[in-house]
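Trainee: There's a structure below that I have some questions on.
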Amino acid sequence: MAVTIKSAKEIELMREAGRLLEIVHDEMGKIIRPGISTMDINECGDRVIRELGCKPNFLNYGGFPASICVSVNEEVVHGIPKKERLLKEGDIVSLDAGLIYKGYHSDAARTYAVGQVNPKVQELLDVTKQSFFEGIKYARAGNHLFDISAAIDDYVSRFGFGIVQALVGHGIGTSLHEDPQVPNFRQKRKGIRLAPGMTLAIEPMINMGTWEVKWLDDEWTVIAADHSVSAHYENTILVTDGEPEILTLHI
Ligand code: MG
């Protein structure tokens, strides 16, 4: 599939899809505390998405049984929400959410500390988030796609954390996953040349220990192979003539 270049009208729809998803994340972020279940978070996110007049794009995607991926501690991504999975003080929880607005998709993830976490875990959260910002610096017309990958890799590697390779970022638009793939680690090739109107989900997934992952028997939940904790941070972004635009975060 070719990489799509969005028209001005499509970009407006993508911006709105992104703005609405930020509201969903803000609402979910407010309820994070010890004692709530991962299903409570899913129900909150699903409700807000529908109240905003949108549809959750993860629900039933490839058979995924919920609207929000809720991944705790060593779970990297694609955690399935459960009533009986309660958050406790010192956990971290990654919320990956997406929605469809008038046929256009947005996708973003945040990782939260539940109460107080130890300083090394907090560093993992901070580095994962910052690695997105290091990557997006290179999301400029004329640069190459894998400049983004290299910038994330160079930043994260300084801290000795493991960069997940089995899952990568992606183009996004009228489909949740479009070309190109956006790896979070250095590539041998340069990748495509970036052009205005490309919309990408950049989403570093970083483990405290090894970069290697495995899948649980539920066939969805990805965990760090050494069971170390893992963080995920993602935004949908737009490549422009100048500064890249973050569609799912308005600072
Ligand atoms: Mg994504």
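Quick note on naming: the chains in the structure tokens go A, B, ... in the order shown, residues restart at 1 in each chain, and ligands are numbered from 1 in order of appearance.
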Give the residues close to ligand 1, within 10 Å, counting only C-alpha atoms and all ligand atoms; write them as a PDB file with C-alpha atoms, in the first residue's frame.
Mentor:
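Printed below is part_5.pdb as written:
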```pdb
ATOM      1  CA  VAL A  77       0.871  -3.424  24.683  1.00  0.00           C
ATOM      2  CA  ASP A  96      -3.557   2.807  24.208  1.00  0.00           C
ATOM      3  CA  ALA A  97      -6.682   4.303  22.647  1.00  0.00           C
ATOM      4  CA  GLY A  98      -7.976   5.204  19.231  1.00  0.00           C
ATOM      5  CA  SER A 106      -6.502   8.747  15.565  1.00  0.00           C
ATOM      6  CA  ASP A 107      -4.261   6.684  17.848  1.00  0.00           C
ATOM      7  CA  ALA A 108      -2.388   7.638  21.026  1.00  0.00           C
ATOM      8  CA  ALA A 109      -0.968   6.024  24.151  1.00  0.00           C
ATOM      9  CA  LEU A 167       5.989  -3.767  17.221  1.00  0.00           C
ATOM     10  CA  VAL A 168       6.376  -0.431  15.463  1.00  0.00           C
ATOM     11  CA  GLY A 169       4.559   2.799  14.665  1.00  0.00           C
ATOM     12  CA  HIS A 170       2.617   3.279  11.467  1.00  0.00           C
ATOM     13  CA  GLY A 171       0.896   5.526   8.992  1.00  0.00           C
ATOM     14  CA  ILE A 172      -2.716   6.336   9.868  1.00  0.00           C
ATOM     15  CA  LEU A 176      -5.873   2.546  11.672  1.00  0.00           C
ATOM     16  CA  HIS A 177      -2.711   1.019  10.245  1.00  0.00           C
ATOM     17  CA  VAL A 182       7.770   3.482  11.809  1.00  0.00           C
ATOM     18  CA  LEU A 200       2.051   8.958  11.337  1.00  0.00           C
ATOM     19  CA  ALA A 201       1.552   7.277  14.698  1.00  0.00           C
ATOM     20  CA  ILE A 202       4.948   7.416  16.416  1.00  0.00           C
ATOM     21  CA  GLU A 203       4.902   5.067  19.402  1.00  0.00           C
ATOM     22  CA  PRO A 204       8.037   4.037  21.265  1.00  0.00           C
ATOM     23  CA  TYR A 233       3.945   6.645  24.596  1.00  0.00           C
ATOM     24  CA  GLU A 234       2.287   7.534  21.310  1.00  0.00           C
ATOM     25  CA  ASN A 235       0.809  10.400  19.365  1.00  0.00           C
ATOM     26  CA  THR A 236      -0.631  10.791  15.895  1.00  0.00           C
TER      27      THR A 236
END
```
Trainee: Could you name the residues that touch Gln165 in chain A at 8 Å or less, counting only C-alpha atoms, but leaving out those on the same chain fewer than 5 positions away, as an MDAnalysis selection string?
Mentor: chainID A and resid 183:185 211:212
Trainee: Measuring between only C-alpha atoms, which one of A:Ala2, A:Leu20, A:Ile152, A:Ile163 shows the shortest distance to Leu247 in chain A?
Mentor: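 Nearest candidate to Leu247 in chain A out of A:Ala2, A:Leu20, A:Ile152, A:Ile163: A:Leu20.
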Trainee: Would you mind telling me which residue in A:Val222, A:Cys69, A:Val213, A:Ala8 lies nearest to Leu95 in chain A when using only C-alpha atoms?
Mentor: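 Nearest to Leu95 in chain A: A:Cys69.
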Trainee: Quick one: distance from CA of Leu124 in chain A to CA of Val156 in chain A in Å, one decimal?
Mentor: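 That distance, rounded to one decimal, is 9.4 Å.
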Trainee: Please give the complete set of residues from range 89-195 of chain A that DSSP, run on the backbone, assigns to strand (DSSP E or B), formatted as a VMD selection string.
Mentor: chain A and resid 92 to 101 104 to 113 144 162 to 163 169 to 171 178 to 182 193
Trainee: Save the residues we just selected, N, CA, C and O atoms, as a tab-separated table (two decimals), in the first residue's frame?
Mentor:
```
chain	number	residue	atom	x	y	z
A	92	ILE	N	2.65	0.48	37.02
A	92	ILE	CA	2.48	1.43	35.92
A	92	ILE	C	1.44	0.83	34.96
A	92	ILE	O	1.31	-0.40	34.87
A	93	VAL	N	0.71	1.71	34.29
A	93	VAL	CA	-0.34	1.23	33.39
A	93	VAL	C	-0.32	2.05	32.09
A	93	VAL	O	-0.31	3.27	32.11
A	94	SER	N	-0.24	1.32	30.98
A	94	SER	CA	-0.23	1.95	29.66
A	94	SER	C	-1.62	1.86	29.05
A	94	SER	O	-2.21	0.78	29.00
A	95	LEU	N	-2.11	3.01	28.61
A	95	LEU	CA	-3.43	3.08	27.98
A	95	LEU	C	-3.24	3.45	26.52
A	95	LEU	O	-2.72	4.52	26.19
A	96	ASP	N	-3.64	2.54	25.64
A	96	ASP	CA	-3.56	2.81	24.21
A	96	ASP	C	-4.99	2.91	23.72
A	96	ASP	O	-5.81	2.03	23.97
A	97	ALA	N	-5.31	4.05	23.06
A	97	ALA	CA	-6.68	4.30	22.65
A	97	ALA	C	-6.70	4.86	21.24
A	97	ALA	O	-5.74	5.50	20.80
A	98	GLY	N	-7.81	4.63	20.56
A	98	GLY	CA	-7.98	5.20	19.23
A	98	GLY	C	-9.44	5.37	18.94
A	98	GLY	O	-10.29	4.72	19.56
A	99	LEU	N	-9.74	6.28	18.02
A	99	LEU	CA	-11.14	6.48	17.65
A	99	LEU	C	-11.25	6.81	16.16
A	99	LEU	O	-10.25	7.14	15.50
A	100	ILE	N	-12.49	6.71	15.68
A	100	ILE	CA	-12.80	7.07	14.29
A	100	ILE	C	-13.78	8.24	14.31
A	100	ILE	O	-14.84	8.16	14.94
A	101	TYR	N	-13.37	9.33	13.66
A	101	TYR	CA	-14.23	10.51	13.52
A	101	TYR	C	-14.46	10.75	12.02
A	101	TYR	O	-13.50	10.98	11.28
A	104	TYR	N	-12.09	8.99	9.83
A	104	TYR	CA	-10.64	9.18	10.04
A	104	TYR	C	-10.22	8.74	11.44
A	104	TYR	O	-10.90	9.02	12.42
A	105	HIS	N	-9.07	8.07	11.47
A	105	HIS	CA	-8.60	7.44	12.70
A	105	HIS	C	-7.57	8.32	13.43
A	105	HIS	O	-6.76	8.99	12.78
A	106	SER	N	-7.59	8.22	14.75
A	106	SER	CA	-6.50	8.75	15.57
A	106	SER	C	-6.08	7.65	16.53
A	106	SER	O	-6.85	6.72	16.80
A	107	ASP	N	-4.87	7.76	17.05
A	107	ASP	CA	-4.26	6.68	17.85
A	107	ASP	C	-3.24	7.34	18.78
A	107	ASP	O	-2.38	8.10	18.30
A	108	ALA	N	-3.34	7.06	20.07
A	108	ALA	CA	-2.39	7.64	21.03
A	108	ALA	C	-2.31	6.77	22.27
A	108	ALA	O	-3.28	6.09	22.62
A	109	ALA	N	-1.16	6.81	22.93
A	109	ALA	CA	-0.97	6.02	24.15
A	109	ALA	C	-0.24	6.86	25.21
A	109	ALA	O	0.58	7.71	24.88
A	110	ARG	N	-0.59	6.58	26.44
A	110	ARG	CA	0.06	7.21	27.60
A	110	ARG	C	0.36	6.12	28.63
A	110	ARG	O	-0.43	5.19	28.76
A	111	THR	N	1.44	6.29	29.38
A	111	THR	CA	1.70	5.38	30.50
A	111	THR	C	1.70	6.18	31.80
A	111	THR	O	2.37	7.22	31.88
A	112	TYR	N	0.94	5.69	32.76
A	112	TYR	CA	0.79	6.37	34.05
A	112	TYR	C	1.41	5.57	35.18
A	112	TYR	O	1.35	4.33	35.19
A	113	ALA	N	1.94	6.31	36.15
A	113	ALA	CA	2.32	5.70	37.43
A	113	ALA	C	1.05	5.61	38.26
A	113	ALA	O	0.23	6.52	38.27
A	144	HIS	N	14.29	11.80	6.08
A	144	HIS	CA	13.89	10.42	5.80
A	144	HIS	C	13.20	9.81	7.02
A	144	HIS	O	13.50	10.16	8.15
A	162	GLY	N	15.55	-1.29	26.98
A	162	GLY	CA	15.35	-2.14	25.80
A	162	GLY	C	14.25	-1.59	24.90
A	162	GLY	O	13.12	-1.38	25.35
A	163	ILE	N	14.59	-1.36	23.64
A	163	ILE	CA	13.60	-0.84	22.68
A	163	ILE	C	12.91	-2.03	22.00
A	163	ILE	O	13.56	-2.85	21.36
A	169	GLY	N	5.56	1.81	15.03
A	169	GLY	CA	4.56	2.80	14.66
A	169	GLY	C	4.14	2.62	13.22
A	169	GLY	O	4.63	1.73	12.51
A	170	HIS	N	3.28	3.53	12.76
A	170	HIS	CA	2.62	3.28	11.47
A	170	HIS	C	1.98	4.54	10.90
A	170	HIS	O	1.67	5.48	11.65
A	171	GLY	N	1.75	4.51	9.60
A	171	GLY	CA	0.90	5.53	8.99
A	171	GLY	C	-0.53	5.33	9.49
A	171	GLY	O	-0.90	4.26	9.98
A	178	GLU	N	-1.75	2.17	8.37
A	178	GLU	CA	-1.38	2.37	6.96
A	178	GLU	C	0.13	2.26	6.85
A	178	GLU	O	0.84	2.31	7.86
A	179	ASP	N	0.61	2.19	5.64
A	179	ASP	CA	2.05	2.35	5.42
A	179	ASP	C	2.41	3.79	5.71
A	179	ASP	O	1.57	4.68	5.55
A	180	PRO	N	3.64	4.07	6.12
A	180	PRO	CA	4.75	3.15	6.31
A	180	PRO	C	4.81	2.66	7.75
A	180	PRO	O	4.19	3.22	8.64
A	181	GLN	N	5.58	1.59	7.99
A	181	GLN	CA	5.92	1.21	9.36
A	181	GLN	C	6.96	2.19	9.90
A	181	GLN	O	7.82	2.64	9.16
A	182	VAL	N	6.85	2.52	11.18
A	182	VAL	CA	7.77	3.48	11.81
A	182	VAL	C	8.48	2.79	12.98
A	182	VAL	O	8.00	2.81	14.11
A	193	ARG	N	11.28	9.36	1.89
A	193	ARG	CA	11.43	10.78	2.17
A	193	ARG	C	10.09	11.30	2.69
A	193	ARG	O	9.03	11.00	2.12
```
Trainee: Here is a test: counting only C-alpha atoms, which residue of A:Ile148, A:Ile36, A:Leu216, A:Leu52 is nearest to Ile23 in chain A?
Mentor: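 Looking only at the distances to Ile23 in chain A, the closest residue turns out to be A:Leu52.
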Trainee: Would you mind listing what lies within 10 Å of Arg189 in chain A as a list in words, with only C-alpha atoms counted and same-chain residues fewer than 5 positions away left out?
Mentor: His144, Leu145, Phe146 and Asp147 of chain A
Trainee: Keeping only all heavy atoms, write the selected residues to a file as a short mmCIF file (atom, residue, chain, number, x, y, z; two decimals), in the first residue's frame.
Mentor:
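What landed in out-v8.cif:
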```cif
data_model
loop_
_atom_site.label_atom_id
_atom_site.label_comp_id
_atom_site.auth_asym_id
_atom_site.auth_seq_id
_atom_site.Cartn_x
_atom_site.Cartn_y
_atom_site.Cartn_z
N HIS A 144 14.29 11.80 6.08
CA HIS A 144 13.89 10.42 5.80
C HIS A 144 13.20 9.81 7.02
O HIS A 144 13.50 10.16 8.15
CB HIS A 144 15.12 9.59 5.40
CG HIS A 144 15.65 9.97 4.06
ND1 HIS A 144 15.22 9.39 2.90
CD2 HIS A 144 16.55 10.92 3.70
CE1 HIS A 144 15.84 9.94 1.87
NE2 HIS A 144 16.67 10.88 2.33
N LEU A 145 12.31 8.88 6.73
CA LEU A 145 11.50 8.26 7.78
C LEU A 145 12.36 7.71 8.91
O LEU A 145 12.05 7.90 10.09
CB LEU A 145 10.65 7.14 7.18
CG LEU A 145 9.77 6.37 8.16
CD1 LEU A 145 8.66 7.25 8.72
CD2 LEU A 145 9.17 5.13 7.50
N PHE A 146 13.45 7.03 8.53
CA PHE A 146 14.22 6.34 9.58
C PHE A 146 15.13 7.28 10.37
O PHE A 146 15.79 6.85 11.31
CB PHE A 146 14.98 5.15 8.98
CG PHE A 146 14.07 4.09 8.39
CD1 PHE A 146 14.52 3.27 7.35
CD2 PHE A 146 12.77 3.91 8.86
CE1 PHE A 146 13.69 2.30 6.80
CE2 PHE A 146 11.93 2.94 8.31
CZ PHE A 146 12.40 2.13 7.28
N ASP A 147 15.15 8.57 9.99
CA ASP A 147 15.79 9.57 10.87
C ASP A 147 15.06 9.60 12.21
O ASP A 147 15.67 9.80 13.27
CB ASP A 147 15.72 10.97 10.24
CG ASP A 147 16.54 11.09 8.96
OD1 ASP A 147 17.44 10.25 8.74
OD2 ASP A 147 16.28 12.03 8.18
#
```
